[in-house]
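The structure under discussion appears below in the form of structure tokens.
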Amino acid sequence: MSDVTHHYADLNGTRLHYVTAGTEGSPILLVHGWPESWWAFRKLIPLLAGTHRVIAVDLRGFGDSGTGEGPYDVATSAEDLHHLVDHLALGPVHLSCQDIGGFVAFRFAATHPADVLSFTAIESTLPGYGLEQLADVNHGGSWHVGFLAAPGIPELLLPGHERRLLADWAYPMMLATPNAVTDEDLTEFTRTYARPHGWRGTTGLYQSVFTDAGATRSLPPLPMPVLAIDGASAPFTEQTFRQVTTGPLTTLHLEGVGHLVAQEAPDALAEALLAFTKGI
């Protein structure tokens, strides 16, 4: 993308890659889910950058961020976000997260509330509030949650098959909007997951789902304004964040949109984010 600037920063024991756009307004930090990278926000960033400074980060082990020796658990990734906000020196941010990125972002916001002006959760839930239930294949869950968390198994079976997994299964399963993701987009996502140790970020977050042991439920609730956005599925984002929020909660259900909202409905998402953040 010609309208973003790429950066690398050595923070908290890893190298984080992130992009920035926009020169004015309060900062918005975008956190991707799976199977994504910062590229998930390629269509959203220009819509926000006219009035905000926008930062889209690759979580550790994802995109072009570092894939060296760990750890890759959710607590460490959440601390990465704290270090990144401090490194940016822009003050507190409007934090927006999607899918399993919400697990990281919630822990960051709950443990460092002074870093966060507002919190937007998109198609996301948390351990202890329903995330682990998505692995229950007997009750509508998906096999991939347990598979990606199985120690050593993704690294054993997925290298060399990244594009088949993404293009033939993951994206068709998650999307409800035709042509939202192109072959070129899939090539970019495949490139990053096919890097040496390119599954470390994924496996670290999914393993954290099953080793949480009540840690997420013990975190303090979010005091800042929260926006919960759901797409095609049941309103699990709203249901989750009603339980972990003491500040004002705004909800939105985008009809006809699948799981990967930023890629499928960037215009509607930008409109919601701009309206939500305007009064904060």
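All residue names refer to the structure tokens as shown: chains lettered A, B, ... in order, residues numbered from 1 in each chain, ligands numbered from 1 in order.
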
message = Just want the 12 Å neighbourhood of segment 152-155 of chain A, counted on only C-alpha atoms, with same-chain residues fewer than 3 positions away dropped. Output as a PyMOL selection string.
response = chain A and resi 144-149+158-162+165+193-204+206-207

note = With distances taken over only C-alpha atoms, the candidate from A:Ser218, A:Phe210, A:Gly256, A:Gly63 nearest Ala135 of chain A is A:Phe210

Each segment 143-255 of chain A residue no farther than 10 Å from segment 78-99 of chain A, nearest pair in Å, only C-alpha atoms, as a tab-separated table:
```
residue	atom	partner	partner_atom	distance
A:Met224	CA	A:His94	CA	9.9
A:Pro225	CA	A:His94	CA	9.7
A:Val226	CA	A:Leu95	CA	9.5
A:Leu227	CA	A:Ser96	CA	9.0
A:Ala228	CA	A:Ser96	CA	9.9
A:Ile229	CA	A:Gln98	CA	9.4
A:Thr237	CA	A:Asp99	CA	9.4
```

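Among the candidate residues A:Pro71, A:Gly214, A:Gly128, A:Gly25, the one lying nearest to Gln243 of chain A is A:Gly128, with distances computed using only C-alpha atoms.
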
Mind listing the alpha helix (DSSP H) residues of segment 166-199 of chain A, per DSSP on the backbone, as a PDB file with all heavy atoms, in the first residue's frame?
```pdb
ATOM      1  N   TYR A 171     -10.617 -19.092   4.638  1.00  0.00           N
ATOM      2  CA  TYR A 171     -11.320 -17.900   4.157  1.00  0.00           C
ATOM      3  C   TYR A 171     -12.704 -18.217   3.598  1.00  0.00           C
ATOM      4  O   TYR A 171     -13.666 -17.497   3.896  1.00  0.00           O
ATOM      5  CB  TYR A 171     -10.443 -17.124   3.177  1.00  0.00           C
ATOM      6  CG  TYR A 171      -9.513 -16.184   3.908  1.00  0.00           C
ATOM      7  CD1 TYR A 171      -8.251 -16.592   4.325  1.00  0.00           C
ATOM      8  CD2 TYR A 171      -9.928 -14.905   4.232  1.00  0.00           C
ATOM      9  CE1 TYR A 171      -7.422 -15.745   5.036  1.00  0.00           C
ATOM     10  CE2 TYR A 171      -9.098 -14.039   4.936  1.00  0.00           C
ATOM     11  CZ  TYR A 171      -7.852 -14.466   5.334  1.00  0.00           C
ATOM     12  OH  TYR A 171      -7.045 -13.627   6.057  1.00  0.00           O
ATOM     13  N   PRO A 172     -12.887 -19.278   2.818  1.00  0.00           N
ATOM     14  CA  PRO A 172     -14.256 -19.609   2.407  1.00  0.00           C
ATOM     15  C   PRO A 172     -15.184 -19.873   3.584  1.00  0.00           C
ATOM     16  O   PRO A 172     -16.378 -19.540   3.535  1.00  0.00           O
ATOM     17  CB  PRO A 172     -14.069 -20.872   1.559  1.00  0.00           C
ATOM     18  CG  PRO A 172     -12.688 -20.749   1.016  1.00  0.00           C
ATOM     19  CD  PRO A 172     -11.890 -20.115   2.114  1.00  0.00           C
ATOM     20  N   MET A 173     -14.674 -20.463   4.657  1.00  0.00           N
ATOM     21  CA  MET A 173     -15.497 -20.756   5.822  1.00  0.00           C
ATOM     22  C   MET A 173     -15.882 -19.491   6.583  1.00  0.00           C
ATOM     23  O   MET A 173     -16.983 -19.373   7.108  1.00  0.00           O
ATOM     24  CB  MET A 173     -14.745 -21.722   6.742  1.00  0.00           C
ATOM     25  CG  MET A 173     -15.522 -22.201   7.961  1.00  0.00           C
ATOM     26  SD  MET A 173     -15.268 -21.155   9.434  1.00  0.00           S
ATOM     27  CE  MET A 173     -13.531 -21.449   9.802  1.00  0.00           C
ATOM     28  N   MET A 174     -15.001 -18.517   6.633  1.00  0.00           N
ATOM     29  CA  MET A 174     -15.216 -17.340   7.471  1.00  0.00           C
ATOM     30  C   MET A 174     -15.910 -16.182   6.759  1.00  0.00           C
ATOM     31  O   MET A 174     -16.513 -15.331   7.412  1.00  0.00           O
ATOM     32  CB  MET A 174     -13.873 -16.845   8.018  1.00  0.00           C
ATOM     33  CG  MET A 174     -13.202 -17.812   8.973  1.00  0.00           C
ATOM     34  SD  MET A 174     -11.632 -17.150   9.582  1.00  0.00           S
ATOM     35  CE  MET A 174     -11.107 -18.472  10.675  1.00  0.00           C
ATOM     36  N   ASP A 183      -7.126 -13.112  -4.827  1.00  0.00           N
ATOM     37  CA  ASP A 183      -5.969 -14.008  -4.900  1.00  0.00           C
ATOM     38  C   ASP A 183      -4.703 -13.305  -4.425  1.00  0.00           C
ATOM     39  O   ASP A 183      -3.839 -13.920  -3.783  1.00  0.00           O
ATOM     40  CB  ASP A 183      -5.777 -14.493  -6.338  1.00  0.00           C
ATOM     41  CG  ASP A 183      -6.770 -15.581  -6.726  1.00  0.00           C
ATOM     42  OD1 ASP A 183      -7.381 -16.180  -5.820  1.00  0.00           O
ATOM     43  OD2 ASP A 183      -6.925 -15.820  -7.937  1.00  0.00           O
ATOM     44  N   GLU A 184      -4.589 -12.012  -4.749  1.00  0.00           N
ATOM     45  CA  GLU A 184      -3.419 -11.256  -4.308  1.00  0.00           C
ATOM     46  C   GLU A 184      -3.378 -11.134  -2.793  1.00  0.00           C
ATOM     47  O   GLU A 184      -2.311 -11.212  -2.178  1.00  0.00           O
ATOM     48  CB  GLU A 184      -3.415  -9.871  -4.954  1.00  0.00           C
ATOM     49  CG  GLU A 184      -3.139  -9.873  -6.449  1.00  0.00           C
ATOM     50  CD  GLU A 184      -4.364 -10.275  -7.283  1.00  0.00           C
ATOM     51  OE1 GLU A 184      -5.480 -10.378  -6.715  1.00  0.00           O
ATOM     52  OE2 GLU A 184      -4.198 -10.498  -8.498  1.00  0.00           O
ATOM     53  N   ASP A 185      -4.545 -10.941  -2.178  1.00  0.00           N
ATOM     54  CA  ASP A 185      -4.597 -10.887  -0.714  1.00  0.00           C
ATOM     55  C   ASP A 185      -4.181 -12.219  -0.109  1.00  0.00           C
ATOM     56  O   ASP A 185      -3.405 -12.271   0.860  1.00  0.00           O
ATOM     57  CB  ASP A 185      -6.017 -10.541  -0.249  1.00  0.00           C
ATOM     58  CG  ASP A 185      -6.471  -9.167  -0.695  1.00  0.00           C
ATOM     59  OD1 ASP A 185      -5.628  -8.257  -0.782  1.00  0.00           O
ATOM     60  OD2 ASP A 185      -7.677  -9.018  -0.968  1.00  0.00           O
ATOM     61  N   LEU A 186      -4.672 -13.306  -0.672  1.00  0.00           N
ATOM     62  CA  LEU A 186      -4.311 -14.632  -0.169  1.00  0.00           C
ATOM     63  C   LEU A 186      -2.815 -14.895  -0.332  1.00  0.00           C
ATOM     64  O   LEU A 186      -2.192 -15.539   0.521  1.00  0.00           O
ATOM     65  CB  LEU A 186      -5.126 -15.698  -0.886  1.00  0.00           C
ATOM     66  CG  LEU A 186      -6.620 -15.723  -0.533  1.00  0.00           C
ATOM     67  CD1 LEU A 186      -7.376 -16.601  -1.519  1.00  0.00           C
ATOM     68  CD2 LEU A 186      -6.831 -16.213   0.896  1.00  0.00           C
ATOM     69  N   THR A 187      -2.243 -14.393  -1.409  1.00  0.00           N
ATOM     70  CA  THR A 187      -0.806 -14.531  -1.605  1.00  0.00           C
ATOM     71  C   THR A 187      -0.038 -13.808  -0.504  1.00  0.00           C
ATOM     72  O   THR A 187       0.963 -14.318   0.012  1.00  0.00           O
ATOM     73  CB  THR A 187      -0.399 -13.992  -2.983  1.00  0.00           C
ATOM     74  OG1 THR A 187      -1.022 -14.784  -3.998  1.00  0.00           O
ATOM     75  CG2 THR A 187       1.109 -14.020  -3.176  1.00  0.00           C
ATOM     76  N   GLU A 188      -0.516 -12.619  -0.120  1.00  0.00           N
ATOM     77  CA  GLU A 188       0.149 -11.871   0.949  1.00  0.00           C
ATOM     78  C   GLU A 188       0.020 -12.582   2.284  1.00  0.00           C
ATOM     79  O   GLU A 188       1.003 -12.723   3.026  1.00  0.00           O
ATOM     80  CB  GLU A 188      -0.429 -10.460   1.034  1.00  0.00           C
ATOM     81  CG  GLU A 188      -0.037  -9.676   2.276  1.00  0.00           C
ATOM     82  CD  GLU A 188       1.460  -9.467   2.439  1.00  0.00           C
ATOM     83  OE1 GLU A 188       2.227  -9.695   1.474  1.00  0.00           O
ATOM     84  OE2 GLU A 188       1.877  -9.096   3.561  1.00  0.00           O
ATOM     85  N   PHE A 189      -1.171 -13.056   2.617  1.00  0.00           N
ATOM     86  CA  PHE A 189      -1.325 -13.790   3.875  1.00  0.00           C
ATOM     87  C   PHE A 189      -0.473 -15.065   3.868  1.00  0.00           C
ATOM     88  O   PHE A 189       0.180 -15.399   4.862  1.00  0.00           O
ATOM     89  CB  PHE A 189      -2.792 -14.142   4.113  1.00  0.00           C
ATOM     90  CG  PHE A 189      -3.657 -12.958   4.457  1.00  0.00           C
ATOM     91  CD1 PHE A 189      -4.789 -12.672   3.714  1.00  0.00           C
ATOM     92  CD2 PHE A 189      -3.346 -12.137   5.526  1.00  0.00           C
ATOM     93  CE1 PHE A 189      -5.598 -11.582   4.031  1.00  0.00           C
ATOM     94  CE2 PHE A 189      -4.138 -11.044   5.853  1.00  0.00           C
ATOM     95  CZ  PHE A 189      -5.263 -10.766   5.103  1.00  0.00           C
ATOM     96  N   THR A 190      -0.471 -15.765   2.741  1.00  0.00           N
ATOM     97  CA  THR A 190       0.315 -16.998   2.638  1.00  0.00           C
ATOM     98  C   THR A 190       1.796 -16.715   2.828  1.00  0.00           C
ATOM     99  O   THR A 190       2.506 -17.470   3.499  1.00  0.00           O
ATOM    100  CB  THR A 190       0.080 -17.662   1.274  1.00  0.00           C
ATOM    101  OG1 THR A 190      -1.307 -17.992   1.148  1.00  0.00           O
ATOM    102  CG2 THR A 190       0.920 -18.919   1.123  1.00  0.00           C
ATOM    103  N   ARG A 191       2.278 -15.631   2.243  1.00  0.00           N
ATOM    104  CA  ARG A 191       3.696 -15.274   2.355  1.00  0.00           C
ATOM    105  C   ARG A 191       4.133 -15.216   3.813  1.00  0.00           C
ATOM    106  O   ARG A 191       5.201 -15.747   4.183  1.00  0.00           O
ATOM    107  CB  ARG A 191       3.948 -13.921   1.703  1.00  0.00           C
ATOM    108  CG  ARG A 191       5.385 -13.424   1.833  1.00  0.00           C
ATOM    109  CD  ARG A 191       5.541 -11.992   1.335  1.00  0.00           C
ATOM    110  NE  ARG A 191       4.864 -11.031   2.204  1.00  0.00           N
ATOM    111  CZ  ARG A 191       5.389 -10.555   3.330  1.00  0.00           C
ATOM    112  NH1 ARG A 191       6.585 -10.960   3.750  1.00  0.00           N
ATOM    113  NH2 ARG A 191       4.728  -9.662   4.053  1.00  0.00           N
ATOM    114  N   THR A 192       3.320 -14.594   4.658  1.00  0.00           N
ATOM    115  CA  THR A 192       3.766 -14.402   6.040  1.00  0.00           C
ATOM    116  C   THR A 192       3.639 -15.684   6.859  1.00  0.00           C
ATOM    117  O   THR A 192       4.514 -15.982   7.683  1.00  0.00           O
ATOM    118  CB  THR A 192       2.980 -13.262   6.700  1.00  0.00           C
ATOM    119  OG1 THR A 192       1.581 -13.540   6.682  1.00  0.00           O
ATOM    120  CG2 THR A 192       3.225 -11.954   5.954  1.00  0.00           C
ATOM    121  N   TYR A 193       2.581 -16.450   6.641  1.00  0.00           N
ATOM    122  CA  TYR A 193       2.461 -17.707   7.385  1.00  0.00           C
ATOM    123  C   TYR A 193       3.485 -18.741   6.922  1.00  0.00           C
ATOM    124  O   TYR A 193       3.809 -19.674   7.673  1.00  0.00           O
ATOM    125  CB  TYR A 193       1.046 -18.269   7.263  1.00  0.00           C
ATOM    126  CG  TYR A 193       0.056 -17.534   8.141  1.00  0.00           C
ATOM    127  CD1 TYR A 193      -0.764 -16.540   7.632  1.00  0.00           C
ATOM    128  CD2 TYR A 193      -0.031 -17.826   9.499  1.00  0.00           C
ATOM    129  CE1 TYR A 193      -1.656 -15.850   8.440  1.00  0.00           C
ATOM    130  CE2 TYR A 193      -0.922 -17.149  10.326  1.00  0.00           C
ATOM    131  CZ  TYR A 193      -1.726 -16.158   9.784  1.00  0.00           C
ATOM    132  OH  TYR A 193      -2.602 -15.473  10.600  1.00  0.00           O
TER     133      TYR A 193
END
```

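For the set A:Phe119, A:Pro266, A:Thr211, A:Ala176, the residue with the smallest atom-to-atom gap to Ile280 of chain A is A:Phe119, counting only C-alpha atoms.
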
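You will find atom CA of Glu36 of chain A at 21.3 Å from atom CA of Gly130 of chain A.
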
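Excluding Val4 of chain A itself and any same-chain residue fewer than 6 positions from it, the protein and nucleic acid residues within 7 Å of it, counting only C-alpha atoms, are Val19, Thr20 and Ala21 of chain A.
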
task = Could you please determine the separation between atom CA of Thr182 of chain A and atom CA of Arg164 of chain A in Å, to one decimal place?
result = 14.4 Å

ask   = Which residue out of A:Leu44, A:Tyr18, A:Val57, A:Leu219 has the minimum interatomic distance to Gln263 of chain A when only C-alpha atoms are used?
value = A:Leu44
